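Single-structure report; data block below.
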Amino acid sequence: MSAPLQAIRGMNDLLPQEAAIWRSFSARVEAWLERWGYRYMRMPLVEQTALFRRAIGEATDIVEKEMYSWRDELNGEDLTLRPEGTASCVRAAIEHSLLHDGPKRLWYGGAMYRHERPQKGRYREFFQYGAEALGYPGPDVDAELIVMCVRLWRELGLEDVRLELSTIGSPEERARYRADLVKHLEANVERLDADAKRRLHSNPLRVLDSKNPMVREVVAAAPELASYLGAQSRAHFDGLKELLAVAGIEYAINPRLVRGLDYYNLTVFEFVSERLGAQGTICGGGRYDGLFAQLGGKPAPAVGFALGCERVVALLREAGRVPAVPAPDAYLVHQGEGTLVSAFVLADALRTAGFAVIQHAGGGSFKSQMKKADASGAALALILGEDELRAGEVAVKPLRDARSQFRVARAALAEQLGALLKG
Ligand code: ATP
Ligand code: MG
């Protein structure tokens, strides 16, 4: 006999006992997205590799080392499992001219794939919800997205989620800053680690978020991007801060916040929880006004965020915000000659009438069937024995309170169940 196969490392099964919390989380997040005016769309899990290379940038962790890419020999295409959703969303918006009649607020959700080292809060298949506001230039929409997230944390009962905010200016401002940053880093090259040295020329801004204490010292003395911003960039940031103040949102300005992806400009933000250890960022986003043009579309401003579901669910679980496991209305047990067929028909009719009914399967004594009924969490056991069958009745036993068992005519059962379950 061969050894049993296992799931791929970093890719998780969602087992039934975990499903309740995920589904309640999803339902609440999706209702919240719709309430804020975002409309659902779905993109494929697989895209051309070139999409992510162009959108995310060559010198990023994702493109350098995290993508699941392969060559589809049948079509001679280079394909990749999506590592994030923004690139696909913008690709689709361009392909289907979604902005032809004005800007759009969109959301999506689903699995993303990154070949990272699996650890708590970091997986190779993980789930995100993303919201993208396409075609809106002003800081009002940046503020909308940020406030919307803060309201979600409160609605979910999550405490201690802090907002980190920054602006990374325009591409031109960043280019000037980058040149001076590289000069500073080069002057201190002997104190940089291998990672920072590698990024020094490919993606020097990423050196800013290094965790290495020695590199951080070098970074602390580096010029700050804020002093390279022109009037327009500053006005955008001021507009955002004003609306956040009006909404009573607290935040910390983090000048080292650059985000891992190349496509951002102006506003960048992250929501971080202290309760998750190293993988504390639960949501990140920003403005990406250049991405439409970068992907060959008509230029359009845009801003969005992506929320990491595993990390938020972990916070919910830790806060004890676990919903009750859904239970059926009734569990139907049957015993004796002819009762199986009759029970089968009865269960079918009750489900058609809208009740959640489990019909016992697999035989067993009356006692063991009743044990299963109890374990199912059902409010009622419905009992169909030879006696009941002959009399055209069903016995009803309330399982969750002290009411005693009684018999009901089959024809009146649906109506009685309705009243019983309400009462
Ligand atoms: P990190 O710095 O943790 O690697 P990131 O900057 O790569 O995050 P984004 O691309 O901004 O992450 O994705 C948005 C969110 O998705 C993150 O804030 C995080 O909550 C979640 N996320 C990202 N990568 C993973 C992963 N491998 N496993 C689980 N969640 C993830
Ligand atoms: Mg990452």
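So you can find residues: chains in the structure tokens are A, B, ... in the order shown, residues in each start at 1, and ligands are numbered from 1 in order.
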Subject >> A:Pro299 environment, 9 Å, only C-alpha atoms, sequence neighbours closer than 6 positions dropped, as a list in words >> reply: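 So, after excluding close chain neighbours, the residues are Gly135, Asp289, Gly290, Leu291, Phe292 and Ala293 of chain A.
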Let me see the file: selected residues, N, CA, C and O atoms, as a tab-separated table (two decimals), in the first residue's frame.
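part-v8.tsv, freshly written:
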```
chain	number	residue	atom	x	y	z
A	135	GLY	N	-10.85	55.18	-11.20
A	135	GLY	CA	-11.27	56.40	-11.90
A	135	GLY	C	-11.48	57.60	-10.99
A	135	GLY	O	-11.96	58.63	-11.46
A	289	ASP	N	-2.16	55.47	-9.41
A	289	ASP	CA	-2.64	56.23	-10.56
A	289	ASP	C	-1.95	55.85	-11.87
A	289	ASP	O	-2.48	56.13	-12.94
A	290	GLY	N	-0.78	55.22	-11.79
A	290	GLY	CA	-0.05	54.91	-13.03
A	290	GLY	C	-0.36	53.55	-13.62
A	290	GLY	O	0.08	53.23	-14.73
A	291	LEU	N	-1.11	52.73	-12.89
A	291	LEU	CA	-1.21	51.32	-13.31
A	291	LEU	C	-1.99	51.11	-14.61
A	291	LEU	O	-1.62	50.28	-15.43
A	292	PHE	N	-3.06	51.86	-14.80
A	292	PHE	CA	-3.83	51.70	-16.05
A	292	PHE	C	-2.92	51.90	-17.26
A	292	PHE	O	-2.92	51.08	-18.18
A	293	ALA	N	-2.16	53.01	-17.25
A	293	ALA	CA	-1.28	53.29	-18.40
A	293	ALA	C	-0.18	52.23	-18.49
A	293	ALA	O	0.16	51.77	-19.59
```
What are the closest atom pairs, with distances in Å to one decimal, for each residue of stretch 140-203 of chain A lying within 10 Å of stretch 321-326 of chain A, using only C-alpha atoms, rows by chain and rising residue number, as a tab-separated table?
```
residue	atom	partner	partner_atom	distance
A:Leu156	CA	A:Arg321	CA	8.2
A:Gly157	CA	A:Arg321	CA	7.8
A:Leu158	CA	A:Arg321	CA	9.2
```
**OP:** Could you find all residues in stretch 110-260 of chain A that DSSP calls strand (DSSP E or B) from the backbone, and write them as a ChimeraX atom specification?
**Re:** /A:110-113,119,122,125-134,161-167,252-253
Keeping only N, CA, C and O atoms, take the residues you just selected and write them out as an mmCIF file, in the first residue's frame.
```
data_model
loop_
_atom_site.group_PDB
_atom_site.id
_atom_site.type_symbol
_atom_site.label_atom_id
_atom_site.label_comp_id
_atom_site.auth_asym_id
_atom_site.auth_seq_id
_atom_site.Cartn_x
_atom_site.Cartn_y
_atom_site.Cartn_z
ATOM 1 N N GLY A 110 -10.977 35.988 -2.835
ATOM 2 C CA GLY A 110 -10.602 34.648 -3.250
ATOM 3 C C GLY A 110 -9.169 34.314 -2.921
ATOM 4 O O GLY A 110 -8.473 35.078 -2.241
ATOM 5 N N ALA A 111 -8.744 33.159 -3.428
ATOM 6 C CA ALA A 111 -7.427 32.643 -3.108
ATOM 7 C C ALA A 111 -6.350 33.378 -3.896
ATOM 8 O O ALA A 111 -6.558 33.746 -5.048
ATOM 9 N N MET A 112 -5.228 33.594 -3.232
ATOM 10 C CA MET A 112 -4.034 34.152 -3.856
ATOM 11 C C MET A 112 -2.888 33.171 -3.566
ATOM 12 O O MET A 112 -2.949 32.441 -2.568
ATOM 13 N N TYR A 113 -1.875 33.190 -4.406
ATOM 14 C CA TYR A 113 -0.804 32.194 -4.282
ATOM 15 C C TYR A 113 0.564 32.863 -4.269
ATOM 16 O O TYR A 113 0.880 33.636 -5.180
ATOM 17 N N GLN A 119 4.383 29.986 7.652
ATOM 18 C CA GLN A 119 4.470 30.191 9.100
ATOM 19 C C GLN A 119 3.140 30.759 9.539
ATOM 20 O O GLN A 119 2.272 30.978 8.704
ATOM 21 N N ARG A 122 1.148 33.291 7.460
ATOM 22 C CA ARG A 122 1.767 33.391 6.133
ATOM 23 C C ARG A 122 1.678 32.029 5.449
ATOM 24 O O ARG A 122 2.259 31.065 5.915
ATOM 25 N N GLU A 125 -1.167 29.358 -0.146
ATOM 26 C CA GLU A 125 -2.491 29.722 -0.640
ATOM 27 C C GLU A 125 -3.166 30.475 0.490
ATOM 28 O O GLU A 125 -3.271 29.946 1.598
ATOM 29 N N PHE A 126 -3.576 31.687 0.239
ATOM 30 C CA PHE A 126 -4.265 32.470 1.276
ATOM 31 C C PHE A 126 -5.373 33.263 0.602
ATOM 32 O O PHE A 126 -5.444 33.340 -0.617
ATOM 33 N N PHE A 127 -6.241 33.832 1.437
ATOM 34 C CA PHE A 127 -7.434 34.483 0.886
ATOM 35 C C PHE A 127 -7.421 35.974 1.173
ATOM 36 O O PHE A 127 -7.004 36.390 2.250
ATOM 37 N N GLN A 128 -7.846 36.697 0.192
ATOM 38 C CA GLN A 128 -7.950 38.155 0.352
ATOM 39 C C GLN A 128 -9.324 38.636 -0.092
ATOM 40 O O GLN A 128 -9.935 38.051 -0.981
ATOM 41 N N TYR A 129 -9.761 39.728 0.526
ATOM 42 C CA TYR A 129 -10.797 40.557 -0.063
ATOM 43 C C TYR A 129 -10.109 41.813 -0.553
ATOM 44 O O TYR A 129 -9.253 42.362 0.149
ATOM 45 N N GLY A 130 -10.476 42.251 -1.741
ATOM 46 C CA GLY A 130 -9.899 43.486 -2.265
ATOM 47 C C GLY A 130 -11.004 44.443 -2.653
ATOM 48 O O GLY A 130 -12.067 44.026 -3.123
ATOM 49 N N ALA A 131 -10.766 45.720 -2.415
ATOM 50 C CA ALA A 131 -11.695 46.760 -2.882
ATOM 51 C C ALA A 131 -10.877 47.720 -3.727
ATOM 52 O O ALA A 131 -9.766 48.094 -3.337
ATOM 53 N N GLU A 132 -11.400 48.094 -4.879
ATOM 54 C CA GLU A 132 -10.676 48.999 -5.767
ATOM 55 C C GLU A 132 -11.643 50.078 -6.226
ATOM 56 O O GLU A 132 -12.733 49.776 -6.707
ATOM 57 N N ALA A 133 -11.243 51.336 -6.056
ATOM 58 C CA ALA A 133 -12.034 52.469 -6.543
ATOM 59 C C ALA A 133 -11.317 53.003 -7.779
ATOM 60 O O ALA A 133 -10.262 53.613 -7.662
ATOM 61 N N LEU A 134 -11.878 52.720 -8.946
ATOM 62 C CA LEU A 134 -11.186 53.004 -10.211
ATOM 63 C C LEU A 134 -11.748 54.268 -10.844
ATOM 64 O O LEU A 134 -12.962 54.394 -11.022
ATOM 65 N N VAL A 161 -6.263 47.652 16.521
ATOM 66 C CA VAL A 161 -5.768 47.665 15.143
ATOM 67 C C VAL A 161 -5.339 49.094 14.862
ATOM 68 O O VAL A 161 -6.126 50.020 15.003
ATOM 69 N N ARG A 162 -4.073 49.276 14.527
ATOM 70 C CA ARG A 162 -3.623 50.649 14.289
ATOM 71 C C ARG A 162 -3.398 50.903 12.801
ATOM 72 O O ARG A 162 -3.152 49.987 12.021
ATOM 73 N N LEU A 163 -3.546 52.181 12.457
ATOM 74 C CA LEU A 163 -3.408 52.593 11.063
ATOM 75 C C LEU A 163 -2.065 53.281 10.879
ATOM 76 O O LEU A 163 -1.726 54.204 11.622
ATOM 77 N N GLU A 164 -1.318 52.812 9.914
ATOM 78 C CA GLU A 164 -0.077 53.488 9.534
ATOM 79 C C GLU A 164 -0.279 54.084 8.155
ATOM 80 O O GLU A 164 -0.815 53.436 7.262
ATOM 81 N N LEU A 165 0.176 55.309 8.023
ATOM 82 C CA LEU A 165 -0.159 56.080 6.834
ATOM 83 C C LEU A 165 1.094 56.775 6.320
ATOM 84 O O LEU A 165 1.951 57.177 7.103
ATOM 85 N N SER A 166 1.158 56.905 5.006
ATOM 86 C CA SER A 166 2.244 57.696 4.446
ATOM 87 C C SER A 166 1.860 58.154 3.048
ATOM 88 O O SER A 166 0.821 57.779 2.521
ATOM 89 N N THR A 167 2.706 58.981 2.482
ATOM 90 C CA THR A 167 2.530 59.329 1.074
ATOM 91 C C THR A 167 3.878 59.128 0.407
ATOM 92 O O THR A 167 4.919 59.468 0.992
ATOM 93 N N ALA A 252 -0.820 56.813 12.640
ATOM 94 C CA ALA A 252 0.562 57.234 12.811
ATOM 95 C C ALA A 252 1.158 57.395 11.419
ATOM 96 O O ALA A 252 0.955 56.530 10.558
ATOM 97 N N ILE A 253 1.855 58.494 11.212
ATOM 98 C CA ILE A 253 2.557 58.658 9.936
ATOM 99 C C ILE A 253 3.828 57.829 10.020
ATOM 100 O O ILE A 253 4.606 57.972 10.964
#
```
**OP:** Return as a ChimeraX atom specification every polymer residue, whether protein, DNA or RNA, with at least one atom no more than 9 Å from an atom of ligand 1; count only C-alpha atoms and all ligand atoms.
**Re:** /A:10,61-62,83-84,112-130,259-261,270-272,278-285,305-312
Subject >> Minimum-distance residue to A:Asn212, chosen among A:Gly364, A:Ala235, A:Asp195, A:Phe269 (using only C-alpha atoms) >> reply: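 Checking each of A:Gly364, A:Ala235, A:Asp195, A:Phe269 against A:Asn212, counting only C-alpha atoms, the winner is A:Asp195.
The shell of residues at most 9 Å from A:Arg82, with only C-alpha atoms counted and near chain neighbours (fewer than 2 positions) removed, consists of Pro44, Leu45, Val46, Glu47, Thr49, Phe52, Met67, Tyr68, Thr80, Glu84, Gly85, Ala87, Ser88, Ala111, Met112, Tyr113 and Arg114 of chain A.
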Next, the residues of the selection above should be written as an mmCIF file, in the first residue's frame with N, CA, C and O atoms.
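This went into selection02.cif:
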```
data_model
loop_
_atom_site.group_PDB
_atom_site.id
_atom_site.type_symbol
_atom_site.label_atom_id
_atom_site.label_comp_id
_atom_site.auth_asym_id
_atom_site.auth_seq_id
_atom_site.Cartn_x
_atom_site.Cartn_y
_atom_site.Cartn_z
ATOM 1 N N PRO A 44 -10.139 35.502 -13.156
ATOM 2 C CA PRO A 44 -9.580 34.137 -13.115
ATOM 3 C C PRO A 44 -8.421 34.010 -12.125
ATOM 4 O O PRO A 44 -7.770 34.993 -11.791
ATOM 5 N N LEU A 45 -8.199 32.787 -11.686
ATOM 6 C CA LEU A 45 -7.065 32.503 -10.805
ATOM 7 C C LEU A 45 -5.748 32.529 -11.570
ATOM 8 O O LEU A 45 -4.691 32.677 -10.978
ATOM 9 N N VAL A 46 -5.831 32.328 -12.873
ATOM 10 C CA VAL A 46 -4.617 32.228 -13.690
ATOM 11 C C VAL A 46 -4.580 33.388 -14.678
ATOM 12 O O VAL A 46 -5.598 33.724 -15.277
ATOM 13 N N GLU A 47 -3.423 34.006 -14.788
ATOM 14 C CA GLU A 47 -3.241 35.103 -15.744
ATOM 15 C C GLU A 47 -1.906 34.902 -16.453
ATOM 16 O O GLU A 47 -1.070 34.109 -16.022
ATOM 17 N N THR A 49 1.791 35.559 -17.103
ATOM 18 C CA THR A 49 2.861 35.984 -16.194
ATOM 19 C C THR A 49 3.219 37.458 -16.428
ATOM 20 O O THR A 49 3.501 38.197 -15.481
ATOM 21 N N PHE A 52 1.646 40.273 -14.168
ATOM 22 C CA PHE A 52 2.175 40.556 -12.835
ATOM 23 C C PHE A 52 3.562 41.183 -12.917
ATOM 24 O O PHE A 52 3.912 42.035 -12.099
ATOM 25 N N MET A 67 6.202 33.831 -7.116
ATOM 26 C CA MET A 67 5.115 33.467 -8.031
ATOM 27 C C MET A 67 5.154 31.997 -8.444
ATOM 28 O O MET A 67 6.206 31.423 -8.667
ATOM 29 N N TYR A 68 3.971 31.416 -8.531
ATOM 30 C CA TYR A 68 3.818 30.077 -9.108
ATOM 31 C C TYR A 68 3.603 30.269 -10.608
ATOM 32 O O TYR A 68 2.505 30.582 -11.055
ATOM 33 N N THR A 80 0.704 32.286 -14.668
ATOM 34 C CA THR A 80 0.983 32.423 -13.229
ATOM 35 C C THR A 80 -0.319 32.360 -12.439
ATOM 36 O O THR A 80 -1.332 32.936 -12.847
ATOM 37 N N GLU A 84 -1.998 38.270 -6.247
ATOM 38 C CA GLU A 84 -2.781 39.375 -5.688
ATOM 39 C C GLU A 84 -3.844 39.723 -6.715
ATOM 40 O O GLU A 84 -3.834 39.183 -7.819
ATOM 41 N N GLY A 85 -4.767 40.624 -6.361
ATOM 42 C CA GLY A 85 -5.911 40.845 -7.235
ATOM 43 C C GLY A 85 -5.921 42.135 -8.034
ATOM 44 O O GLY A 85 -6.619 42.234 -9.047
ATOM 45 N N ALA A 87 -3.824 43.664 -10.031
ATOM 46 C CA ALA A 87 -3.380 43.605 -11.433
ATOM 47 C C ALA A 87 -4.494 43.029 -12.321
ATOM 48 O O ALA A 87 -4.797 43.572 -13.386
ATOM 49 N N SER A 88 -5.125 41.947 -11.856
ATOM 50 C CA SER A 88 -6.196 41.325 -12.646
ATOM 51 C C SER A 88 -7.389 42.258 -12.769
ATOM 52 O O SER A 88 -8.036 42.329 -13.815
ATOM 53 N N ALA A 111 -8.744 33.159 -3.428
ATOM 54 C CA ALA A 111 -7.427 32.643 -3.108
ATOM 55 C C ALA A 111 -6.350 33.378 -3.896
ATOM 56 O O ALA A 111 -6.558 33.746 -5.048
ATOM 57 N N MET A 112 -5.228 33.594 -3.232
ATOM 58 C CA MET A 112 -4.034 34.152 -3.856
ATOM 59 C C MET A 112 -2.888 33.171 -3.566
ATOM 60 O O MET A 112 -2.949 32.441 -2.568
ATOM 61 N N TYR A 113 -1.875 33.190 -4.406
ATOM 62 C CA TYR A 113 -0.804 32.194 -4.282
ATOM 63 C C TYR A 113 0.564 32.863 -4.269
ATOM 64 O O TYR A 113 0.880 33.636 -5.180
ATOM 65 N N ARG A 114 1.321 32.577 -3.231
ATOM 66 C CA ARG A 114 2.690 33.099 -3.172
ATOM 67 C C ARG A 114 3.586 32.028 -2.567
ATOM 68 O O ARG A 114 3.257 31.459 -1.527
#
```
**OP:** Check stretch 155-341 of chain A with DSSP on the backbone and list each residue it calls helix (DSSP H, G or I), as number ranges by chain.
**Re:** A: 155-156, 171-187, 189-191, 194-202, 204-209, 213-220, 225-228, 231-246, 274-276, 291-294, 309-318, 339-341
**OP:** Could you check which of A:Arg23, A:His184, A:Lys65, A:Arg71 is closest to ligand 2, using only C-alpha atoms and all ligand atoms?
**Re:**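 Residue with the minimum atom-to-atom distance to ligand 2: A:Lys65.
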**OP:** Just the residues within 9 Å of A:Phe237, please, counting only C-alpha atoms, with nothing from its chain fewer than 3 positions along; format it as a PyMOL selection string.
**Re:** chain A and resi 139+166-167+232-234+240-242+266-267
Original post:
From the list A:Ala327, A:Ala373, A:Ala196, A:Ala409, which residue is nearest A:Ala361 when using only C-alpha atoms?
Top reply: A:Ala373
Original post:
Hey, can you check how far atom CA of A:Leu380 sits from atom CA of A:Val357?
Top reply: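 That distance, rounded to one decimal, is 9.6 Å.
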Original post:
Which is closest to A:Asp180 among A:Glu224, A:Asp142, A:Glu159, A:Glu66, if we use only C-alpha atoms?
Top reply: A:Glu224
Subject >> One-decimal distance in Å that lies between atom CA of A:Ala19 and atom CA of A:Thr86 >> reply: 26.6 Å
**OP:** Might you pull out every residue within 8 Å of stretch 394-403 of chain A, with only C-alpha atoms counted and same-chain residues fewer than 4 positions away left off, and present them as a PyMOL selection string?
**Re:** chain A and resi 374+378-384+388-389+407-410+413
Subject >> 12 Å contact set for stretch 201-210 of chain A, only C-alpha atoms, chain neighbours under 3 positions out, as a PyMOL selection string >> reply: chain A and resi 57-61+64+168+174-186+189+192-198+213-225+254-262
**OP:** Considering only C-alpha atoms, state which residue in the set A:Leu276, A:Cys89, A:Ala300, A:Leu200 is at the smallest distance from A:Gly138.
**Re:**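 The answer is A:Ala300, which sits nearest to A:Gly138.
The two atoms in question, atom CA of A:Trp107 and atom CA of A:Val141, are spaced 14.4 Å apart.
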